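Asker: To be precise about what I am sending: the file is called protein.cif and holds mmCIF, C-alpha atoms and all ligand atoms.
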data_data
loop_
_atom_site.label_atom_id
_atom_site.label_comp_id
_atom_site.auth_asym_id
_atom_site.auth_seq_id
_atom_site.Cartn_x
_atom_site.Cartn_y
_atom_site.Cartn_z
CA MET J 13 -80.04 -74.02 -65.87
CA LEU J 14 -78.11 -72.37 -68.68
CA ARG J 15 -79.34 -73.29 -72.15
CA PRO J 16 -76.99 -73.24 -75.10
CA MET J 17 -77.64 -69.93 -76.83
CA THR J 18 -75.23 -69.46 -79.68
CA ARG J 19 -77.28 -67.18 -81.92
CA PHE J 20 -77.47 -64.23 -79.54
CA GLU J 21 -74.40 -64.91 -77.49
CA ALA J 22 -71.79 -62.16 -77.22
CA ALA J 23 -68.26 -63.14 -78.17
CA ARG J 24 -67.06 -62.10 -74.74
CA ILE J 25 -68.87 -64.99 -73.04
CA ARG J 26 -68.27 -67.60 -75.72
CA GLY J 27 -67.05 -70.85 -74.23
CA ILE J 28 -67.52 -69.72 -70.64
CA GLN J 29 -69.29 -72.51 -68.77
CA GLN J 30 -70.91 -72.84 -65.40
CA SER J 31 -68.13 -74.16 -63.19
CA ASP J 32 -67.66 -77.78 -62.17
CA ILE J 33 -68.15 -76.55 -58.61
CA ARG J 34 -71.78 -75.53 -59.21
CA LYS J 35 -72.52 -78.83 -60.94
CA GLN J 36 -70.99 -80.84 -58.09
CA SER J 37 -72.96 -78.79 -55.54
CA ARG J 38 -76.24 -79.47 -57.29
CA ARG J 39 -75.54 -83.18 -57.50
CA CYS J 40 -74.36 -83.23 -53.88
CA ALA J 41 -77.68 -81.76 -52.73
CA GLU J 42 -79.52 -84.45 -54.72
CA VAL J 43 -77.67 -87.24 -52.91
CA SER J 44 -77.76 -85.39 -49.52
CA GLY J 45 -73.96 -85.54 -49.42
CA VAL J 46 -71.40 -83.37 -47.63
CA ASN J 47 -70.32 -80.59 -49.92
CA LEU J 48 -66.55 -80.14 -49.77
CA GLY J 49 -66.74 -78.82 -53.31
CA GLN J 50 -67.88 -75.24 -52.85
CA GLY J 51 -66.07 -72.66 -50.75
CA ILE J 52 -68.96 -71.53 -48.62
CA CYS J 53 -68.02 -71.04 -45.00
CA ASP J 54 -71.12 -71.88 -43.02
CA GLN J 55 -70.01 -70.49 -39.65
CA PRO J 56 -72.06 -67.70 -38.06
CA VAL J 57 -71.33 -64.03 -38.64
CA PRO J 58 -69.93 -62.46 -35.40
CA ASP J 59 -72.80 -61.21 -33.19
CA VAL J 60 -71.51 -57.63 -32.98
CA VAL J 61 -71.54 -57.41 -36.76
CA LYS J 62 -75.06 -58.79 -37.03
CA ALA J 63 -76.26 -56.37 -34.34
CA ALA J 64 -74.69 -53.40 -36.15
CA ALA J 65 -76.26 -54.43 -39.45
CA LYS J 66 -79.68 -54.80 -37.81
CA ALA J 67 -79.30 -51.37 -36.21
CA ALA J 68 -78.42 -49.91 -39.62
CA VAL J 69 -81.50 -51.47 -41.20
CA ASP J 70 -83.68 -50.20 -38.32
CA GLY J 71 -82.01 -46.81 -38.59
CA ASP J 72 -82.92 -46.62 -42.29
CA GLU J 73 -79.36 -46.55 -43.56
CA SER J 74 -80.91 -47.67 -46.79
CA ILE J 75 -79.89 -45.27 -49.49
CA TYR J 76 -76.95 -45.52 -51.91
CA SER J 77 -73.66 -44.75 -50.25
CA LYS J 78 -70.86 -42.97 -52.10
CA TYR J 79 -69.68 -45.37 -54.81
CA GLU J 80 -66.45 -45.83 -52.88
CA GLY J 81 -68.27 -46.71 -49.68
CA ILE J 82 -69.12 -45.01 -46.39
CA ASP J 83 -66.36 -42.82 -44.94
CA ALA J 84 -66.08 -44.63 -41.62
CA LEU J 85 -65.59 -48.01 -43.31
CA ARG J 86 -62.94 -46.68 -45.68
CA ARG J 87 -61.08 -45.18 -42.73
CA ALA J 88 -61.29 -48.48 -40.87
CA ILE J 89 -59.98 -50.36 -43.91
CA ALA J 90 -57.10 -47.91 -44.28
CA GLY J 91 -56.22 -48.50 -40.61
CA LYS J 92 -56.24 -52.26 -41.12
CA MET J 93 -54.14 -51.95 -44.29
CA ALA J 94 -51.50 -50.00 -42.36
CA ASP J 95 -51.52 -52.30 -39.31
CA TYR J 96 -51.92 -55.74 -40.86
CA ASN J 97 -50.60 -55.35 -44.40
CA GLY J 98 -47.95 -52.70 -43.74
CA LEU J 99 -49.52 -50.62 -46.51
CA PRO J 100 -50.58 -47.19 -45.27
CA CYS J 101 -53.08 -45.64 -47.67
CA ASP J 102 -55.35 -42.64 -47.99
CA PRO J 103 -58.97 -43.61 -47.20
CA ASP J 104 -60.28 -40.82 -49.43
CA THR J 105 -58.37 -41.55 -52.62
CA GLU J 106 -56.97 -45.07 -52.40
CA VAL J 107 -59.67 -47.23 -50.78
CA MET J 108 -62.89 -48.37 -52.40
CA VAL J 109 -65.52 -50.59 -50.81
CA THR J 110 -66.71 -53.02 -53.48
CA ALA J 111 -69.49 -55.52 -54.08
CA GLY J 112 -67.43 -58.38 -52.68
CA SER J 113 -63.80 -58.63 -53.66
CA THR J 114 -65.26 -60.02 -56.89
CA GLY J 115 -66.77 -56.59 -57.56
CA GLY J 116 -63.28 -55.13 -57.15
CA PHE J 117 -61.85 -57.68 -59.57
CA VAL J 118 -64.55 -56.91 -62.14
CA ALA J 119 -63.88 -53.18 -61.77
CA ALA J 120 -60.13 -53.71 -62.22
CA VAL J 121 -60.55 -55.93 -65.27
CA LEU J 122 -63.08 -53.66 -66.99
CA SER J 123 -60.99 -50.60 -66.21
CA PHE J 124 -57.60 -51.85 -67.38
CA ILE J 125 -57.80 -54.94 -69.57
CA GLU J 126 -58.77 -54.99 -73.23
CA PRO J 127 -58.42 -57.24 -76.28
CA GLY J 128 -54.79 -57.46 -77.36
CA ASP J 129 -53.45 -57.21 -73.82
CA GLU J 130 -51.74 -60.19 -72.31
CA VAL J 131 -52.67 -61.17 -68.79
CA LEU J 132 -50.70 -63.66 -66.79
CA LEU J 133 -52.48 -66.13 -64.55
CA ILE J 134 -50.82 -68.51 -62.15
CA SER J 135 -52.20 -72.06 -62.35
CA PRO J 136 -53.84 -73.54 -60.38
CA PHE J 137 -56.07 -70.45 -60.38
CA TYR J 138 -59.41 -69.36 -58.95
CA GLY J 139 -62.01 -69.93 -61.67
CA TYR J 140 -63.69 -66.55 -61.36
CA HIS J 141 -60.39 -64.83 -62.11
CA MET J 142 -60.07 -66.75 -65.35
CA ASN J 143 -63.67 -66.30 -66.47
CA ILE J 144 -63.99 -62.63 -65.55
CA LEU J 145 -60.77 -62.00 -67.44
CA ARG J 146 -62.10 -63.90 -70.44
CA MET J 147 -65.00 -61.45 -70.65
CA ALA J 148 -62.46 -58.68 -71.29
CA GLN J 149 -60.93 -60.80 -74.09
CA PRO J 150 -57.21 -60.47 -73.39
CA THR J 151 -54.73 -63.16 -74.39
CA LEU J 152 -54.33 -65.29 -71.30
CA ARG J 153 -50.94 -66.71 -70.49
CA SER J 154 -50.18 -68.93 -67.57
CA VAL J 155 -47.37 -70.28 -65.48
CA THR J 156 -47.98 -73.44 -63.52
CA LEU J 157 -46.99 -74.05 -59.91
CA ARG J 158 -45.37 -77.46 -59.74
CA GLY J 159 -44.46 -80.15 -57.24
CA ASP J 160 -45.87 -80.95 -53.84
CA ASP J 161 -45.12 -77.44 -52.59
CA PHE J 162 -46.56 -75.69 -55.65
CA ALA J 163 -43.26 -74.02 -56.45
CA LEU J 164 -43.12 -71.08 -58.84
CA ASP J 165 -40.42 -71.49 -61.48
CA HIS J 166 -38.89 -68.04 -61.82
CA ASP J 167 -37.50 -68.72 -65.30
CA GLU J 168 -40.90 -69.90 -66.52
CA LEU J 169 -42.42 -66.75 -65.05
CA ARG J 170 -39.83 -64.54 -66.74
CA ALA J 171 -40.47 -66.27 -70.06
CA ALA J 172 -44.24 -65.73 -69.73
CA PHE J 173 -43.86 -61.94 -69.55
CA SER J 174 -43.76 -60.01 -72.81
CA PRO J 175 -43.96 -56.38 -73.94
CA ARG J 176 -47.74 -56.88 -74.24
CA THR J 177 -48.18 -58.04 -70.62
CA LYS J 178 -50.70 -55.67 -69.08
CA ALA J 179 -51.24 -57.43 -65.78
CA VAL J 180 -50.42 -60.42 -63.64
CA VAL J 181 -52.98 -61.90 -61.26
CA VAL J 182 -51.71 -63.16 -57.91
CA ASN J 183 -53.83 -64.89 -55.29
CA THR J 184 -52.19 -65.32 -51.91
CA PRO J 185 -53.06 -67.37 -49.90
CA SER J 186 -54.22 -69.28 -52.93
CA ASN J 187 -57.51 -70.89 -53.74
CA PRO J 188 -57.28 -73.75 -54.71
CA CYS J 189 -53.81 -74.88 -53.57
CA GLY J 190 -53.24 -72.93 -50.35
CA LYS J 191 -49.88 -71.55 -51.42
CA VAL J 192 -48.78 -68.51 -49.45
CA PHE J 193 -46.41 -66.59 -51.69
CA GLY J 194 -43.20 -65.69 -49.88
CA ARG J 195 -40.92 -62.73 -50.40
CA ASP J 196 -38.68 -64.63 -52.86
CA ASP J 197 -41.53 -65.27 -55.32
CA LEU J 198 -43.18 -61.89 -54.84
CA ALA J 199 -39.86 -60.09 -55.38
CA VAL J 200 -39.48 -61.73 -58.80
CA ILE J 201 -43.08 -60.93 -59.72
CA ALA J 202 -42.46 -57.32 -58.63
CA GLU J 203 -39.23 -57.05 -60.59
CA LEU J 204 -40.92 -58.35 -63.76
CA CYS J 205 -43.96 -56.07 -63.35
CA CYS J 206 -41.64 -53.07 -63.02
CA GLU J 207 -39.46 -54.17 -65.94
CA HIS J 208 -42.50 -54.63 -68.22
CA ASP J 209 -44.53 -51.74 -66.80
CA ALA J 210 -47.34 -54.14 -65.91
CA LEU J 211 -50.06 -54.00 -63.28
CA ALA J 212 -50.51 -56.59 -60.55
CA ILE J 213 -53.97 -57.53 -59.36
CA THR J 214 -53.64 -59.34 -56.05
CA ASP J 215 -56.49 -61.18 -54.41
CA GLU J 216 -55.74 -61.46 -50.70
CA ILE J 217 -59.15 -62.56 -49.46
CA TYR J 218 -57.71 -65.42 -47.35
CA GLU J 219 -55.05 -63.22 -45.73
CA TYR J 220 -56.01 -64.18 -42.15
CA ILE J 221 -56.16 -67.94 -42.76
CA LEU J 222 -52.57 -69.11 -42.40
CA TYR J 223 -50.94 -72.29 -41.05
CA ASP J 224 -47.61 -73.51 -39.74
CA GLY J 225 -46.20 -70.05 -39.07
CA HIS J 226 -46.70 -68.74 -42.64
CA ARG J 227 -47.04 -64.96 -42.82
CA HIS J 228 -49.11 -62.97 -45.28
CA LEU J 229 -47.19 -60.51 -47.44
CA SER J 230 -48.89 -57.95 -49.67
CA LEU J 231 -47.26 -57.53 -53.06
CA ALA J 232 -47.98 -53.79 -53.01
CA THR J 233 -45.45 -53.34 -50.19
CA LEU J 234 -42.54 -54.44 -52.40
CA PRO J 235 -40.34 -51.79 -54.04
CA GLY J 236 -41.90 -50.24 -57.13
CA MET J 237 -45.25 -51.99 -56.64
CA ARG J 238 -47.24 -49.41 -54.74
CA GLU J 239 -48.31 -47.48 -57.85
CA ARG J 240 -48.98 -50.56 -60.01
CA THR J 241 -50.79 -52.96 -57.65
CA ILE J 242 -54.51 -53.31 -57.09
CA THR J 243 -54.89 -55.07 -53.76
CA LEU J 244 -58.23 -56.81 -53.34
CA SER J 245 -59.58 -58.22 -50.14
CA GLY J 246 -62.90 -58.54 -48.42
CA PHE J 247 -65.01 -59.70 -45.55
CA SER J 248 -66.63 -62.84 -46.98
CA LYS J 249 -64.08 -65.32 -45.66
CA THR J 250 -62.89 -63.60 -42.49
CA TYR J 251 -66.37 -62.99 -41.07
CA ASN J 252 -68.28 -65.81 -42.81
CA MET J 253 -70.45 -63.46 -44.84
CA THR J 254 -70.11 -64.61 -48.43
CA GLY J 255 -73.69 -63.54 -49.13
CA TRP J 256 -73.26 -59.99 -47.81
CA ARG J 257 -71.23 -59.04 -50.89
CA LEU J 258 -68.72 -56.74 -49.28
CA GLY J 259 -65.08 -56.37 -50.22
CA TYR J 260 -62.58 -53.65 -50.97
CA ALA J 261 -59.86 -52.54 -53.32
CA VAL J 262 -56.78 -50.53 -52.45
CA ALA J 263 -54.83 -48.86 -55.24
CA ALA J 264 -52.96 -45.69 -56.12
CA PRO J 265 -55.33 -42.71 -56.60
CA GLU J 266 -55.25 -42.70 -60.41
CA LEU J 267 -56.04 -46.44 -60.57
CA ALA J 268 -58.67 -46.25 -57.82
CA ALA J 269 -60.39 -43.35 -59.59
CA ARG J 270 -60.76 -45.30 -62.85
CA MET J 271 -62.03 -48.36 -61.00
CA GLY J 272 -64.45 -46.13 -59.13
CA VAL J 273 -66.09 -45.04 -62.38
CA VAL J 274 -66.66 -48.67 -63.36
CA SER J 275 -67.76 -49.85 -59.93
CA ASP J 276 -70.27 -47.01 -59.80
CA LEU J 277 -71.68 -47.97 -63.21
CA VAL J 278 -71.90 -51.68 -62.50
CA TYR J 279 -72.87 -51.75 -58.81
CA ILE J 280 -73.50 -48.10 -57.76
CA CYS J 281 -72.29 -49.11 -54.29
CA ALA J 282 -71.97 -52.04 -51.92
CA PRO J 283 -75.08 -52.64 -49.74
CA THR J 284 -75.22 -49.62 -47.41
CA PRO J 285 -76.68 -51.14 -44.22
CA LEU J 286 -74.22 -54.02 -44.44
CA GLN J 287 -71.32 -51.58 -44.77
CA HIS J 288 -72.41 -50.13 -41.43
CA GLY J 289 -72.67 -53.65 -40.04
CA VAL J 290 -69.22 -54.80 -41.04
CA LEU J 291 -67.68 -51.68 -39.53
CA ALA J 292 -68.25 -53.32 -36.15
CA ALA J 293 -65.89 -56.14 -37.15
CA PHE J 294 -62.94 -53.77 -36.85
CA ASP J 295 -63.46 -53.76 -33.06
CA LEU J 296 -63.08 -57.53 -32.78
CA PRO J 297 -60.09 -58.51 -30.62
CA ALA J 298 -56.92 -60.08 -32.02
CA SER J 299 -58.09 -63.38 -30.51
CA TYR J 300 -60.90 -63.50 -33.12
CA TYR J 301 -58.33 -63.90 -35.89
CA GLU J 302 -56.22 -66.33 -33.87
CA ASP J 303 -59.29 -68.49 -33.20
CA LEU J 304 -60.26 -68.36 -36.87
CA ALA J 305 -56.87 -69.65 -38.00
CA ARG J 306 -56.75 -72.23 -35.19
CA ASP J 307 -60.19 -73.61 -36.07
CA TYR J 308 -59.27 -73.96 -39.74
CA ASP J 309 -56.01 -75.61 -38.71
CA ARG J 310 -57.99 -78.29 -36.82
CA LYS J 311 -60.28 -78.71 -39.81
CA ARG J 312 -57.32 -78.98 -42.15
CA ALA J 313 -55.87 -81.72 -39.91
CA MET J 314 -59.14 -83.70 -40.07
CA ILE J 315 -59.22 -83.67 -43.86
CA LEU J 316 -55.48 -84.29 -44.21
CA ASP J 317 -55.92 -87.40 -42.03
CA ALA J 318 -58.98 -88.54 -43.95
CA CYS J 319 -57.17 -88.19 -47.28
CA GLY J 320 -54.10 -90.00 -46.04
CA ALA J 321 -56.17 -92.92 -44.74
CA ALA J 322 -57.97 -93.28 -48.10
CA GLY J 323 -54.76 -93.24 -50.16
CA LEU J 324 -55.32 -89.69 -51.46
CA ARG J 325 -52.01 -87.84 -51.17
CA PRO J 326 -52.80 -84.38 -49.83
CA LEU J 327 -50.67 -81.45 -50.96
CA VAL J 328 -50.53 -79.62 -47.64
CA PRO J 329 -51.93 -76.08 -47.87
CA GLN J 330 -50.08 -73.19 -46.19
CA GLY J 331 -53.16 -70.99 -46.04
CA ALA J 332 -56.82 -70.58 -47.10
CA TYR J 333 -59.25 -73.44 -46.53
CA TYR J 334 -58.87 -75.80 -49.44
CA LEU J 335 -56.54 -78.63 -50.11
CA MET J 336 -55.59 -80.39 -53.28
CA ALA J 337 -54.81 -84.07 -53.23
CA ASP J 338 -53.29 -86.44 -55.71
CA VAL J 339 -55.61 -89.35 -56.47
CA THR J 340 -53.19 -91.85 -58.00
CA GLY J 341 -52.33 -93.50 -54.66
CA ALA J 342 -56.03 -94.28 -54.21
CA GLY J 343 -56.07 -96.20 -57.51
CA PHE J 344 -57.45 -93.50 -59.82
CA THR J 345 -55.79 -92.08 -62.92
CA ASP J 346 -58.10 -89.10 -63.20
CA GLY J 347 -59.38 -86.60 -60.62
CA ARG J 348 -62.78 -86.50 -62.34
CA GLU J 349 -63.25 -90.21 -61.87
CA ALA J 350 -62.17 -89.90 -58.22
CA CYS J 351 -64.68 -87.06 -57.66
CA GLU J 352 -67.41 -89.13 -59.25
CA THR J 353 -66.71 -92.11 -56.97
CA LEU J 354 -66.36 -89.86 -53.91
CA LEU J 355 -69.74 -88.32 -54.55
CA GLU J 356 -71.74 -91.29 -55.78
CA GLY J 357 -70.09 -93.91 -53.54
CA CYS J 358 -69.18 -91.92 -50.42
CA GLY J 359 -71.51 -88.89 -50.41
CA VAL J 360 -68.70 -86.32 -50.46
CA ALA J 361 -68.46 -83.64 -53.15
CA ALA J 362 -65.03 -82.51 -54.35
CA VAL J 363 -63.86 -80.67 -57.46
CA PRO J 364 -61.60 -82.19 -60.16
CA GLY J 365 -58.17 -80.58 -60.16
CA ALA J 366 -58.19 -80.12 -63.93
CA SER J 367 -60.72 -77.28 -63.50
CA PHE J 368 -58.04 -75.09 -61.95
CA TYR J 369 -55.38 -75.19 -64.66
CA VAL J 370 -55.08 -73.41 -67.99
CA ASP J 371 -53.77 -76.74 -69.29
CA PRO J 372 -56.17 -79.26 -67.65
CA ALA J 373 -53.55 -82.00 -68.06
CA ASP J 374 -51.51 -80.32 -65.29
CA GLY J 375 -54.24 -81.05 -62.73
CA LYS J 376 -55.54 -84.30 -64.16
CA THR J 377 -54.61 -86.44 -61.17
CA GLN J 378 -55.73 -83.93 -58.54
CA LEU J 379 -58.92 -82.97 -56.78
CA ARG J 380 -59.76 -80.11 -54.43
CA LEU J 381 -61.53 -80.37 -51.10
CA CYS J 382 -62.83 -77.37 -49.15
CA PHE J 383 -62.76 -77.73 -45.37
CA ALA J 384 -64.68 -74.57 -44.45
CA LYS J 385 -67.45 -76.62 -42.86
CA GLN J 386 -68.86 -77.25 -39.40
CA PHE J 387 -66.97 -79.92 -37.44
CA ASP J 388 -69.86 -82.42 -37.58
CA ASP J 389 -70.04 -82.11 -41.38
CA LEU J 390 -66.30 -82.67 -41.54
CA GLU J 391 -66.72 -85.75 -39.35
CA ARG J 392 -69.30 -87.08 -41.82
CA ALA J 393 -66.94 -86.22 -44.67
CA ARG J 394 -64.13 -88.07 -42.91
CA GLU J 395 -66.32 -91.18 -42.64
CA GLY J 396 -67.28 -90.83 -46.30
CA ILE J 397 -63.71 -90.41 -47.50
CA ALA J 398 -62.72 -93.50 -45.49
CA ARG J 399 -65.11 -95.52 -47.66
CA LEU J 400 -63.33 -94.43 -50.87
CA PRO J 401 -61.21 -97.59 -51.33
CA ASP J 402 -64.36 -99.79 -51.05
CA ALA J 403 -66.34 -97.48 -53.30
CA ARG J 404 -63.58 -97.62 -55.92
CA ARG J 405 -63.53 -101.40 -55.86
CA GLY J 406 -67.35 -101.38 -56.15
CA ALA J 407 -67.26 -98.96 -59.08
CA ALA J 408 -64.54 -101.02 -60.81
CA ARG J 409 -66.70 -104.19 -60.50
CA ALA J 410 -69.85 -102.48 -61.80
C1 LIG T 1 -59.65 -66.46 -54.30
C2 LIG T 1 -61.02 -65.95 -54.10
N1 LIG T 1 -61.27 -64.67 -54.36
C3 LIG T 1 -62.50 -64.15 -54.21
C4 LIG T 1 -63.55 -64.93 -53.77
C5 LIG T 1 -64.91 -64.31 -53.64
O1 LIG T 1 -64.82 -63.25 -52.73
P1 LIG T 1 -66.01 -62.25 -52.49
O2 LIG T 1 -67.08 -62.98 -51.78
O3 LIG T 1 -65.38 -61.18 -51.64
O4 LIG T 1 -66.45 -61.74 -53.80
C6 LIG T 1 -63.34 -66.28 -53.49
C7 LIG T 1 -64.46 -67.14 -53.08
O5 LIG T 1 -64.40 -68.35 -53.08
C8 LIG T 1 -62.04 -66.79 -53.65
O6 LIG T 1 -61.77 -68.07 -53.39
#
Any chance you could give the structure as structure tokens?
Ligand SMILES: Cc1ncc(COP(=O)(O)O)c(C=O)c1O
Answerer:
Amino acid sequence: MLRPMTRFEAARIRGIQQSDIRKQSRRCAEVSGVNLGQGICDQPVPDVVKAAAKAAVDGDESIYSKYEGIDALRRAIAGKMADYNGLPCDPDTEVMVTAGSTGGFVAAVLSFIEPGDEVLLISPFYGYHMNILRMAQPTLRSVTLRGDDFALDHDELRAAFSPRTKAVVVNTPSNPCGKVFGRDDLAVIAELCCEHDALAITDEIYEYILYDGHRHLSLATLPGMRERTITLSGFSKTYNMTGWRLGYAVAAPELAARMGVVSDLVYICAPTPLQHGVLAAFDLPASYYEDLARDYDRKRAMILDACGAAGLRPLVPQGAYYLMADVTGAGFTDGREACETLLEGCGVAAVPGASFYVDPADGKTQLRLCFAKQFDDLERAREGIARLPDARRGAARA
């Protein structure tokens, strides 16, 4: 538990709170509920990867690796970047294995962002992006995706850029709303970054989890973006290993070198035996990724149905494994109140939508559900969500 500690607190963490997600998770455990609040995928790690990690532990691969990661893994990542992302890169100067993609984000922020800079976030955003940025004390500006399809207003985006804009943060596919940014949006972001000489930090951790024919596009492949984009991705979501803390950053040599200095200072390196383990994932067949997306598609359908039946209007995600829903049709005026009733009355944890917006009013009537769960948990969640109308009536009477 965090205690208030104002006397010794550094300005850089002032006002930063433990997220709503952690609080909901704790409460969910207390009521033995189904946790659709937190984005932990509880599927097993592929056997070949576990076997390779065990072999690395047994083989005493236990010393620090180079700060940028073991050579074989960087080469494998460069191969994947060329094949999947259409972004050929040099494994020796442009690829860095990081302590989760979060480690890459921290390295980018500490390397390039300082007080006085403006950084542009797209709401709804991933909370860690916002809070890690806040520790570097830039001025945060935001544009909000609006409507049922989370559309980006290009004029609003243009107006949010200024001569002080140092970076824009893009997350595609997006947590929390599942938007997969298409070429039209990314082209405008690219044009504005070039015009204002700004960096782009793109978090592409959900790049393999796509629905309804949506395709992943890396911003760095757009004209002019190669030398100003830090592409972050990782293994947590694709191989169900959020606790292994392995990710990577791809950037032009001069950017990667600066981030390397920081990553070395903060983390020294990503866990060495696990780097050897995850290398085996690169031999998984294409069907692994197809099955992954197909499984999440079935899970998405279960939760979309459950929401619809309970009067929650789901905003259909195009990728990743979260969905946001509007709560007004279920008789609530506030997502927080809906989350409270869902948890206390139905045993299902969700996260209030307001947590994901720079202006909380923008997400006031929304909540977010994560469907990266086992099918039987999702079945329990579906039963719980079905009880929402009764639970609301009960709460209103109490
Ligand atoms: C958008 C996004 N980026 C990064 C992460 C964390 O990734 P990693 O485990 O690689 O640090 C998450 C986890 O929920 C996420 O949703």
Asker: Pick out the residues no farther than 6 Å from ligand LIG 1 (chain T), counting only C-alpha atoms and all ligand atoms, and list them as an MDAnalysis selection string.
Answerer: chainID J and resid 51 112:114 138 187 215 217 246 248 254 257 259
Asker: Which residues are close to Val363 in chain J, i.e. within 7 Å by all atoms listed in the file, leaving aside same-chain residues fewer than 3 positions away? Reply as a ChimeraX atom specification.
Answerer: /J:32-33,49,351,379-381
Asker: Give me the residues near Val155 in chain J as a compact mmCIF listing (two decimals) with C-alpha atoms, in the frame of the given file, where near means some atom within 7 Å (using all atoms listed in the file) and where sequence neighbours in that chain fewer than 5 positions away do not count.
Answerer:
# COMPACT_ATOMS: atom_id res chain seq x y z
CA LEU J 133 -52.48 -66.13 -64.55
CA ILE J 134 -50.82 -68.51 -62.15
CA SER J 135 -52.20 -72.06 -62.35
CA GLU J 168 -40.90 -69.90 -66.52
CA LEU J 169 -42.42 -66.75 -65.05
CA ALA J 172 -44.24 -65.73 -69.73
Asker: Go through range 273-329 of chain J and flag each residue having an atom no more than 7 Å from range 395-405 of chain J; for those, report the closest pair of atoms plus their distance in Å to one decimal, using all atoms listed in the file, ordered by chain and rising number, as CSV.
Answerer:
residue,atom,partner,partner_atom,distance
J:Ala318,CA,J:Ile397,CA,6.2
J:Cys319,CA,J:Ile397,CA,6.9
J:Ala321,CA,J:Ala398,CA,6.6
J:Ala322,CA,J:Ala398,CA,5.4
Asker: Hey, which of J:Ala342, J:Ala111, J:Ala362, J:Ala373 ends up closest to Glu80 in chain J? Count only C-alpha atoms.
Answerer: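 Looking at the shortest contact to Glu80 in chain J, the residue is J:Ala111.
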Asker: Can you work out the spacing between CA of Asp303 in chain J and CA of Leu324 in chain J in Å, to one decimal?
Answerer: 28.3 Å
Asker: Closest to Ala269 in chain J among J:Ile242, J:Asn143, J:Ala232, J:Leu316, using all atoms listed in the file?
Answerer: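 Closest residue, counting all atoms listed in the file: J:Ile242.
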Asker: List the spatial neighbours of Pro127 in chain J as a compact mmCIF listing (two decimals) with C-alpha atoms, keeping the file's coordinate frame - criterion: any atom at most 8 Å away, all atoms listed in the file, same-chain residues fewer than 5 positions off excluded.
Answerer:
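Once written, selection_28.txt looks like this:
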# COMPACT_ATOMS: atom_id res chain seq x y z
CA ALA J 148 -62.46 -58.68 -71.29
CA GLN J 149 -60.93 -60.80 -74.09
CA PRO J 150 -57.21 -60.47 -73.39
CA THR J 151 -54.73 -63.16 -74.39
Asker: With distances taken over all atoms listed in the file, which of J:Glu73, J:Leu286, J:Tyr140, J:Thr243 is nearest to Gln30 in chain J?
Answerer: J:Tyr140
Asker: What gap, in Å, lies between CA of Thr250 in chain J and CA of Glu302 in chain J?
Answerer: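 Value for the CA of Thr250 in chain J-CA of Glu302 in chain J distance: 11.2 Å.
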Asker: Nearest residue to Pro185 in chain J out of J:Phe20, J:Phe124, J:Tyr334, J:Tyr308, using only C-alpha atoms?
Answerer: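 Going through J:Phe20, J:Phe124, J:Tyr334, J:Tyr308 one by one, the smallest distance to Pro185 in chain J is for J:Tyr334.
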